[in-house]
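Read through the structure below, which is laid out as structure tokens, and then see the notes.
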Amino acid sequence: MVLEKIKEMLADKLGISADEITAESNFTELGLDSLDIAEMLMNIEAEFGVTVEADASLTTVGAIVAKIEELQK
């Protein structure tokens, strides 16, 4: 559920198919810069009702998904 929503959000932003995004997808490789990532984190907070702090370990889609799931517990 969380992974699919994140993939959908990224696909809309990047203008690509959600099928092209996997849990292993790296944000830099997807073409996101630090401003894009900050914007994405704000959108995630609004969508999922959690506060995700920017962190150097959050470099992949899977890392963000794991963080969201951890915060929702």
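Identifiers in the structure tokens: chain A, B, ... in order shown; residue index from 1 per chain; ligand index from 1 in order shown.
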>> List as number ranges by chain the protein and nucleic acid residues near range 6-16 of chain A, meaning an atom at most 8 Å away when only C-alpha atoms are counted, but skip any in the same chain fewer than 5 places from it.
In response: A: 21-22, 44, 61, 65
Contacts of Met42 in chain A at 9 Å (only C-alpha atoms; same-chain gap of 4+ positions) as a PDB file with C-alpha atoms, in the first residue's frame:
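And here's part21.pdb as it stands now:
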ATOM      1  CA  ILE A  37      13.201  15.342  -2.146  1.00  0.00           C
ATOM      2  CA  ALA A  38      12.196  18.045   0.366  1.00  0.00           C
ATOM      3  CA  ALA A  46       0.356  15.412   4.081  1.00  0.00           C
ATOM      4  CA  GLU A  47      -0.596  12.062   2.523  1.00  0.00           C
ATOM      5  CA  THR A  51       6.622  13.628   9.934  1.00  0.00           C
ATOM      6  CA  VAL A  52       9.622  12.299   8.050  1.00  0.00           C
TER       7      VAL A  52
END
>> Rounded to one decimal, what separation in Å do you get between CA of Asp55 in chain A and CA of Ile68 in chain A?
In response: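 According to the coordinates, CA of Asp55 in chain A and CA of Ile68 in chain A are separated by 12.9 Å.
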> Suppose you want the space between CA of Leu3 in chain A and CA of Leu32 in chain A; what is it in Å?
Replying inline: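 So the two atoms, CA of Leu3 in chain A and CA of Leu32 in chain A, lie 17.5 Å apart.
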>> I need the alpha helix (DSSP H) residues of chain A per DSSP on the backbone, written as a PyMOL selection string.
In response: chain A and resi 2-14+34-48+61-71
>> My list of candidates is A:Leu71, A:Ala54, A:Met1, A:Ala63. Which is closest to Leu35 in chain A when distances are computed with only C-alpha atoms?
In response: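 Answer, going by the shortest atom-to-atom distance: A:Ala54.
Closest approach to Lys5 in chain A from the set A:Ile64, A:Ser25, A:Gln72, A:Gly31 is made by A:Ile64, with distances taken over only C-alpha atoms.
The coordinates place CA of Leu30 in chain A at 19.4 Å from CA of Lys67 in chain A.
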>> List as a VMD selection string the protein and nucleic acid residues near Lys73 in chain A, meaning an atom at most 12 Å away when only C-alpha atoms are counted, but skip any in the same chain fewer than 6 places from it.
In response: chain A and resid 48 to 50 66 to 67
> So which one's closest to Thr28 in chain A, A:Glu70, A:Thr60, A:Glu45, A:Val2? Using only C-alpha atoms, please.
Replying inline: A:Thr60
